[in-house]
Structures are given as C-alpha cells and as structure tokens.
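Have a look at target_22.pdb below; it lists PDB, C-alpha atoms.
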ATOM      1  CA  MET U   1       7.930   4.325  26.322
ATOM      2  CA  THR U   2       9.207   7.635  24.970
ATOM      3  CA  THR U   3      12.948   7.461  25.624
ATOM      4  CA  TRP U   4      14.877  10.066  23.665
ATOM      5  CA  VAL U   5      18.397   8.912  22.849
ATOM      6  CA  ALA U   6      20.845  11.771  22.356
ATOM      7  CA  ASP U   7      22.803  10.139  19.548
ATOM      8  CA  PRO U   8      20.640   7.496  17.877
ATOM      9  CA  GLU U   9      22.057   4.930  15.516
ATOM     10  CA  GLY U  10      21.547   6.045  11.939
ATOM     11  CA  GLY U  11      22.217   9.728  12.626
ATOM     12  CA  ARG U  12      18.614  10.930  12.330
ATOM     13  CA  ASP U  13      18.020  14.671  12.557
ATOM     14  CA  ARG U  14      15.515  16.085  15.041
ATOM     15  CA  GLY U  15      12.813  18.667  14.378
ATOM     16  CA  PRO U  16      10.946  19.466  11.139
ATOM     17  CA  ARG U  17      13.985  18.718   8.994
ATOM     18  CA  GLY U  18      14.337  15.271  10.536
ATOM     19  CA  ILE U  19      10.652  14.516  10.005
ATOM     20  CA  ALA U  20      10.791  15.626   6.357
ATOM     21  CA  ARG U  21      13.958  13.626   5.740
ATOM     22  CA  ALA U  22      12.523  10.504   7.371
ATOM     23  CA  TRP U  23       9.299  10.864   5.364
ATOM     24  CA  ILE U  24      11.165  11.022   2.058
ATOM     25  CA  GLU U  25      13.555   8.212   2.916
ATOM     26  CA  VAL U  26      10.932   5.774   4.158
ATOM     27  CA  LEU U  27       8.853   6.336   1.009
ATOM     28  CA  VAL U  28      11.749   6.131  -1.435
ATOM     29  CA  ARG U  29      14.172   3.703   0.239
ATOM     30  CA  PRO U  30      12.195   1.803   2.865
ATOM     31  CA  LYS U  31      14.514  -1.184   3.172
ATOM     32  CA  GLN U  32      17.532   1.007   3.792
ATOM     33  CA  PHE U  33      15.599   3.349   6.073
ATOM     34  CA  PHE U  34      14.284   0.608   8.355
ATOM     35  CA  ALA U  35      17.660  -1.135   8.424
ATOM     36  CA  ASN U  36      19.557   2.021   9.411
ATOM     37  CA  GLY U  37      17.028   4.543  10.754
ATOM     38  CA  VAL U  38      15.397   2.635  13.602
ATOM     39  CA  ALA U  39      17.382   2.922  16.831
ATOM     40  CA  PRO U  40      16.920   0.693  19.904
ATOM     41  CA  GLY U  41      15.269   2.529  22.780
ATOM     42  CA  ASP U  42      14.674   5.703  20.788
ATOM     43  CA  GLN U  43      10.920   5.984  20.329
ATOM     44  CA  ALA U  44      10.546   9.744  20.422
ATOM     45  CA  PRO U  45      11.330  10.516  16.747
ATOM     46  CA  GLY U  46       9.011   7.730  15.589
ATOM     47  CA  LEU U  47       6.269   8.939  17.909
ATOM     48  CA  VAL U  48       6.599  12.540  16.712
ATOM     49  CA  PHE U  49       6.592  11.288  13.120
ATOM     50  CA  ALA U  50       3.410   9.253  13.669
ATOM     51  CA  VAL U  51       1.666  12.188  15.357
ATOM     52  CA  THR U  52       2.643  14.458  12.460
ATOM     53  CA  VAL U  53       1.183  11.986   9.959
ATOM     54  CA  ALA U  54      -2.026  11.631  11.973
ATOM     55  CA  VAL U  55      -2.453  15.399  12.236
ATOM     56  CA  ALA U  56      -1.795  15.838   8.503
ATOM     57  CA  TYR U  57      -4.368  13.148   7.742
ATOM     58  CA  THR U  58      -6.956  14.761  10.019
ATOM     59  CA  VAL U  59      -6.376  18.241   8.609
ATOM     60  CA  GLY U  60      -6.698  16.861   5.069
ATOM     61  CA  LEU U  61      -9.831  14.920   5.939
ATOM     62  CA  PHE U  62     -11.512  17.954   7.494
ATOM     63  CA  SER U  63     -10.440  20.150   4.581
ATOM     64  CA  PHE U  64     -11.791  17.820   1.887
ATOM     65  CA  VAL U  65     -14.770  16.471   3.853
ATOM     66  CA  PRO U  66     -15.963  19.243   6.210
ATOM     67  CA  GLU U  67     -18.984  17.170   7.209
ATOM     68  CA  ARG U  68     -16.575  14.864   9.051
ATOM     69  CA  ILE U  69     -15.886  17.628  11.573
ATOM     70  CA  PRO U  70     -17.836  16.714  14.717
ATOM     71  CA  SER U  71     -20.073  19.335  16.312
ATOM     72  CA  LEU U  72     -18.395  20.003  19.630
ATOM     73  CA  ALA U  73     -18.407  23.706  20.510
ATOM     74  CA  GLY U  74     -17.982  27.108  18.928
ATOM     75  CA  GLY U  75     -18.629  26.112  15.340
ATOM     76  CA  ALA U  76     -16.746  24.042  12.803
ATOM     77  CA  SER U  77     -13.373  25.779  13.174
ATOM     78  CA  VAL U  78     -13.241  25.444  16.937
ATOM     79  CA  SER U  79     -14.491  21.848  16.782
ATOM     80  CA  ALA U  80     -11.844  20.980  14.187
ATOM     81  CA  ALA U  81      -9.135  22.569  16.340
ATOM     82  CA  ILE U  82     -10.281  20.570  19.372
ATOM     83  CA  VAL U  83     -10.225  17.297  17.454
ATOM     84  CA  ILE U  84      -6.825  18.005  15.876
ATOM     85  CA  THR U  85      -5.403  18.824  19.312
ATOM     86  CA  ALA U  86      -6.873  15.605  20.699
ATOM     87  CA  VAL U  87      -5.362  13.655  17.808
ATOM     88  CA  ALA U  88      -1.929  15.142  18.456
ATOM     89  CA  LEU U  89      -1.917  14.805  22.239
ATOM     90  CA  VAL U  90      -3.987  11.691  22.932
ATOM     91  CA  ILE U  91      -5.467   9.736  20.052
ATOM     92  CA  ALA U  92      -2.401   9.275  17.837
ATOM     93  CA  PRO U  93       0.042   8.369  20.664
ATOM     94  CA  ALA U  94      -2.479   5.993  22.243
ATOM     95  CA  THR U  95      -3.310   4.349  18.916
ATOM     96  CA  LEU U  96       0.372   3.936  18.087
ATOM     97  CA  HIS U  97       1.199   2.263  21.379
ATOM     98  CA  LEU U  98      -1.890   0.048  21.410
ATOM     99  CA  THR U  99      -1.090  -1.082  17.876
ATOM    100  CA  ALA U 100       2.515  -1.691  18.907
ATOM    101  CA  ALA U 101       1.347  -3.789  21.862
ATOM    102  CA  LEU U 102      -0.779  -5.942  19.567
ATOM    103  CA  GLN U 103       2.032  -6.121  17.043
ATOM    104  CA  THR U 104       4.471  -7.259  19.724
ATOM    105  CA  VAL U 105       2.176 -10.098  20.786
ATOM    106  CA  LEU U 106       1.807 -11.248  17.180
ATOM    107  CA  LEU U 107       5.571 -11.049  16.641
ATOM    108  CA  ILE U 108       6.109 -13.255  19.687
ATOM    109  CA  LEU U 109       3.902 -15.868  18.043
ATOM    110  CA  VAL U 110       5.708 -15.970  14.686
ATOM    111  CA  VAL U 111       9.262 -14.624  15.172
ATOM    112  CA  ASP U 112      11.640 -16.340  17.586
ATOM    113  CA  ASP U 113      14.460 -13.791  17.749
ATOM    114  CA  ARG U 114      12.999 -10.279  17.720
ATOM    115  CA  ALA U 115      14.073  -6.702  18.249
ATOM    116  CA  GLY U 116      12.528  -4.739  21.117
ATOM    117  CA  VAL U 117       9.162  -3.071  21.609
ATOM    118  CA  SER U 118      10.729   0.335  20.993
ATOM    119  CA  GLU U 119      11.757  -0.670  17.486
ATOM    120  CA  THR U 120       8.258  -2.009  16.818
ATOM    121  CA  VAL U 121       6.743   1.332  17.822
ATOM    122  CA  GLN U 122       9.086   3.097  15.413
ATOM    123  CA  VAL U 123       8.317   0.713  12.550
ATOM    124  CA  ILE U 124       4.588   1.326  12.886
ATOM    125  CA  GLY U 125       5.043   5.077  13.169
ATOM    126  CA  TYR U 126       7.234   5.369  10.100
ATOM    127  CA  ALA U 127       5.146   2.899   8.080
ATOM    128  CA  ALA U 128       2.253   5.365   8.285
ATOM    129  CA  ALA U 129       4.173   7.854   6.104
ATOM    130  CA  PRO U 130       1.953   7.527   2.977
ATOM    131  CA  CYS U 131      -1.153   8.329   5.038
ATOM    132  CA  VAL U 132      -0.397  12.059   5.034
ATOM    133  CA  ALA U 133      -2.364  12.048   1.762
ATOM    134  CA  ALA U 134      -5.091   9.628   2.902
ATOM    135  CA  GLY U 135      -7.328  12.501   3.928
ATOM    136  CA  VAL U 136      -7.916  13.389   0.278
ATOM    137  CA  ASP U 137     -11.540  12.567  -0.529
ATOM    138  CA  VAL U 138     -10.713  10.265  -3.439
ATOM    139  CA  PRO U 139     -11.116   6.546  -2.647
ATOM    140  CA  ALA U 140      -8.390   5.496  -5.085
ATOM    141  CA  ILE U 141      -5.837   7.832  -3.494
ATOM    142  CA  ARG U 142      -6.780   6.782   0.026
ATOM    143  CA  PHE U 143      -6.654   3.094  -0.866
ATOM    144  CA  VAL U 144      -3.227   3.420  -2.500
ATOM    145  CA  CYS U 145      -1.953   5.318   0.547
ATOM    146  CA  VAL U 146      -3.057   2.667   3.041
ATOM    147  CA  LEU U 147      -1.904  -0.189   0.815
ATOM    148  CA  TYR U 148       1.524   1.415   0.556
ATOM    149  CA  ALA U 149       1.567   1.937   4.328
ATOM    150  CA  ALA U 150       0.725  -1.731   4.907
ATOM    151  CA  ALA U 151       3.557  -2.748   2.573
ATOM    152  CA  LEU U 152       5.940  -0.470   4.480
ATOM    153  CA  LEU U 153       4.870  -2.108   7.729
ATOM    154  CA  VAL U 154       5.753  -5.546   6.383
ATOM    155  CA  ILE U 155       9.093  -4.287   5.060
ATOM    156  CA  GLY U 156       9.845  -2.598   8.369
ATOM    157  CA  LEU U 157       8.984  -5.667  10.427
ATOM    158  CA  ARG U 158      11.099  -7.840   8.163
ATOM    159  CA  GLU U 159      14.149  -5.566   8.305
ATOM    160  CA  VAL U 160      14.042  -4.506  11.947
ATOM    161  CA  HIS U 161      13.123  -7.901  13.392
ATOM    162  CA  GLU U 162      15.342  -9.734  10.877
ATOM    163  CA  THR U 163      12.711 -12.201   9.781
ATOM    164  CA  THR U 164      11.247 -13.412   6.504
ATOM    165  CA  THR U 165       8.696 -11.589   4.383
ATOM    166  CA  VAL U 166       6.131 -14.323   5.038
ATOM    167  CA  ARG U 167       6.547 -14.111   8.819
ATOM    168  CA  ALA U 168       6.448 -10.310   8.694
ATOM    169  CA  LEU U 169       3.257 -10.500   6.631
ATOM    170  CA  LEU U 170       1.652 -12.926   9.084
ATOM    171  CA  ALA U 171       2.607 -10.758  12.053
ATOM    172  CA  GLY U 172       1.640  -7.468  10.436
ATOM    173  CA  ALA U 173      -1.646  -8.376   8.728
ATOM    174  CA  VAL U 174      -4.026  -7.711  11.632
ATOM    175  CA  PRO U 175      -2.350  -4.476  12.835
ATOM    176  CA  ALA U 176      -2.290  -3.221   9.243
ATOM    177  CA  VAL U 177      -6.005  -3.858   8.805
ATOM    178  CA  LEU U 178      -6.865  -2.222  12.122
ATOM    179  CA  LEU U 179      -4.624   0.816  11.719
ATOM    180  CA  PHE U 180      -4.575   1.512   7.995
ATOM    181  CA  GLY U 181      -7.825  -0.173   7.047
ATOM    182  CA  THR U 182      -9.894   1.286   9.868
ATOM    183  CA  ALA U 183      -8.219   4.351  11.402
ATOM    184  CA  PHE U 184      -7.023   5.737   8.058
ATOM    185  CA  GLY U 185     -10.102   4.652   6.103
ATOM    186  CA  GLY U 186      -8.640   2.015   3.821
ATOM    187  CA  ILE U 187     -11.539  -0.425   4.133
ATOM    188  CA  PRO U 188     -14.269   2.120   3.253
ATOM    189  CA  ALA U 189     -12.101   3.333   0.374
ATOM    190  CA  GLY U 190     -11.746  -0.216  -0.921
ATOM    191  CA  GLU U 191     -15.494  -0.759  -0.660
ATOM    192  CA  ALA U 192     -16.123   2.473  -2.565
ATOM    193  CA  LEU U 193     -13.803   1.323  -5.343
ATOM    194  CA  LEU U 194     -15.568  -2.032  -5.553
ATOM    195  CA  ARG U 195     -18.960  -0.328  -5.732
ATOM    196  CA  ALA U 196     -17.714   2.003  -8.471
ATOM    197  CA  ALA U 197     -16.533  -1.036 -10.420
ATOM    198  CA  GLY U 198     -19.904  -2.719  -9.937
ATOM    199  CA  LEU U 199     -18.394  -5.607  -8.010
ATOM    200  CA  ILE U 200     -20.532  -5.164  -4.913
TER     201      ILE U 200
END

What's the structure tokens form of this structure?
Amino acid sequence: MTTWVADPEGGRDRGPRGIARAWIEVLVRPKQFFANGVAPGDQAPGLVFAVTVAVAYTVGLFSFVPERIPSLAGGASVSAAIVITAVALVIAPATLHLTAALQTVLLILVVDDRAGVSETVQVIGYAAAPCVAAGVDVPAIRFVCVLYAAALLVIGLREVHETTTVRALLAGAVPAVLLFGTAFGGIPAGEALLRAAGLI
C-alpha cells in the first residue's frame, strides 16, 4: 500500500520541497496536477502529503482552540504532542486508506474503466490540501477549506479515473462528507454559519 517508485511519472520532487510544490500546484492548477502528478503504484508521496496536511490541521486546531486538546498526561503540551504523533503515525494513514477503500467501492459502482487503488489514495491525499488552514477557529474559513477540498476530490477523481464530472461527483460525495465534513469539521462549520445567518 505504500510503494515508493524511484522515478514517478510527472517528475515529482521528494521531501519538503516536493510537498510544498505539490501543495501549490494542486491548489492553483488542480486539473493539470491530477492529470500529470499522480503516478500508478506510487502512494508514498501522497501519503506523506496527507499526513502533513493532517498534522498542520491538528496543530492549527490546538493553537486556535486549546480546549480541543484532550487531557491525556503531563499537561496540555504533552497531551497535544501525543495526539499530533498519533495523527502522524496512525490516525491520518488509517483514515486515508479507509477512505480510499470506500472510494474504490463507490468508483466500482459508477465508473467502468478505472485507474488503480494507488491512484485513488493519492487523489484523496492531495485533495485535502486546502485543509491545512481548516484548523483556524473561524467557521467561514473552515467551511471554504473543506468545500474547496471536496471540489478538488471531484476534479481528481474525474482526471485520474478519466470519467465525467457527474460520475466523479456521485462517487466522491460520501467520502467527501465523511472526510472533509466530519474529520476536518466542515459540517459543524456549516451549521455555525447557518446559525449565524439565523437560518437554523
């Protein structure tokens, strides 16, 4: 599940520079990025990217909303460090692959000729790019971040699996809600915006 191809298609750099470059490209030119930057059998860069986004989100969340830090051991700082380590080593990789498994099943239902599971993992990982800012304790910012991430997921599924926008939307709707709406707080942010507008 974490094959590292020495020379991936698309010429992606490794390390911090590669992550920064991928982040900028997927935000600015998503269609081109997903068409050229997702390599068959090369999950490692996408996994590292997704973990980086998840850690950035968690650090931001704990910084802006300290009460979200669980009481584990040794005070808030130690508890935060434990959770961030767990996010990096266990929670983010597991969430990515579980979401990819669900996404693969849904793709099977709506797309006849698909790319592989590895490419699906990468699409989900890179689609999370806007969520680095979702930890900011402003519902509007968080909602925009997750909405943008959901749009990137649809674009990525469409480009990588060479399907239509409608089919990509049908396949990606549930994973987007679960990942971006729940894990990254998009649904509570949307509810907060509706309450502020007096709609609920």

Could you tell me which of U:Gly186, U:Pro70, U:Pro40, U:Gly135 comes closest to Val160 of chain U if we count all atoms listed in the file? U:Pro40

Name the residues in contact with Ala128 of chain U at a cut-off of 12 Å, using all atoms listed in the file, excluding same-chain residues fewer than 5 positions from it; report them as a PDB file with C-alpha atoms, keeping the file's coordinate frame.
ATOM      1  CA  ALA U  22      12.523  10.504   7.371  1.00  0.00           C
ATOM      2  CA  TRP U  23       9.299  10.864   5.364  1.00  0.00           C
ATOM      3  CA  VAL U  26      10.932   5.774   4.158  1.00  0.00           C
ATOM      4  CA  LEU U  27       8.853   6.336   1.009  1.00  0.00           C
ATOM      5  CA  PRO U  30      12.195   1.803   2.865  1.00  0.00           C
ATOM      6  CA  GLY U  46       9.011   7.730  15.589  1.00  0.00           C
ATOM      7  CA  LEU U  47       6.269   8.939  17.909  1.00  0.00           C
ATOM      8  CA  VAL U  48       6.599  12.540  16.712  1.00  0.00           C
ATOM      9  CA  PHE U  49       6.592  11.288  13.120  1.00  0.00           C
ATOM     10  CA  ALA U  50       3.410   9.253  13.669  1.00  0.00           C
ATOM     11  CA  VAL U  51       1.666  12.188  15.357  1.00  0.00           C
ATOM     12  CA  THR U  52       2.643  14.458  12.460  1.00  0.00           C
ATOM     13  CA  VAL U  53       1.183  11.986   9.959  1.00  0.00           C
ATOM     14  CA  ALA U  54      -2.026  11.631  11.973  1.00  0.00           C
ATOM     15  CA  VAL U  55      -2.453  15.399  12.236  1.00  0.00           C
ATOM     16  CA  ALA U  56      -1.795  15.838   8.503  1.00  0.00           C
ATOM     17  CA  TYR U  57      -4.368  13.148   7.742  1.00  0.00           C
ATOM     18  CA  ALA U  92      -2.401   9.275  17.837  1.00  0.00           C
ATOM     19  CA  LEU U  96       0.372   3.936  18.087  1.00  0.00           C
ATOM     20  CA  VAL U 121       6.743   1.332  17.822  1.00  0.00           C
ATOM     21  CA  GLN U 122       9.086   3.097  15.413  1.00  0.00           C
ATOM     22  CA  VAL U 123       8.317   0.713  12.550  1.00  0.00           C
ATOM     23  CA  ALA U 133      -2.364  12.048   1.762  1.00  0.00           C
ATOM     24  CA  ALA U 134      -5.091   9.628   2.902  1.00  0.00           C
ATOM     25  CA  CYS U 145      -1.953   5.318   0.547  1.00  0.00           C
ATOM     26  CA  VAL U 146      -3.057   2.667   3.041  1.00  0.00           C
ATOM     27  CA  LEU U 147      -1.904  -0.189   0.815  1.00  0.00           C
ATOM     28  CA  TYR U 148       1.524   1.415   0.556  1.00  0.00           C
ATOM     29  CA  ALA U 149       1.567   1.937   4.328  1.00  0.00           C
ATOM     30  CA  ALA U 150       0.725  -1.731   4.907  1.00  0.00           C
ATOM     31  CA  ALA U 151       3.557  -2.748   2.573  1.00  0.00           C
ATOM     32  CA  LEU U 152       5.940  -0.470   4.480  1.00  0.00           C
ATOM     33  CA  LEU U 153       4.870  -2.108   7.729  1.00  0.00           C
ATOM     34  CA  VAL U 154       5.753  -5.546   6.383  1.00  0.00           C
ATOM     35  CA  GLY U 156       9.845  -2.598   8.369  1.00  0.00           C
ATOM     36  CA  PRO U 175      -2.350  -4.476  12.835  1.00  0.00           C
ATOM     37  CA  ALA U 176      -2.290  -3.221   9.243  1.00  0.00           C
ATOM     38  CA  LEU U 179      -4.624   0.816  11.719  1.00  0.00           C
ATOM     39  CA  PHE U 180      -4.575   1.512   7.995  1.00  0.00           C
ATOM     40  CA  GLY U 181      -7.825  -0.173   7.047  1.00  0.00           C
ATOM     41  CA  ALA U 183      -8.219   4.351  11.402  1.00  0.00           C
ATOM     42  CA  PHE U 184      -7.023   5.737   8.058  1.00  0.00           C
TER      43      PHE U 184
END

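Separating atom CA of Thr95 of chain U from atom CA of Gly116 of chain U is a distance of 18.4 Å.
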
Atomic distance atom CA of Ala196 of chain U - atom CA of Arg68 of chain U, expressed in Å with one decimal: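 These atoms are spaced 21.8 Å apart.
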
Could you check which residues have any atom within 8 Å of (5.6, -1.6, 24.2), counting only C-alpha atoms with coordinates taken straight from the file, and then list them as number ranges by chain? U: 1, 97, 100-101, 104, 117-118, 120-121

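Among the candidate residues U:Pro45, U:Gly198, U:Gly172, U:Pro93, the one lying nearest to Ala20 of chain U is U:Pro45, with distances computed using all atoms listed in the file.
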
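Picture a line from atom CA of Pro130 of chain U to atom CA of Ala115 of chain U; it runs 24.1 Å.
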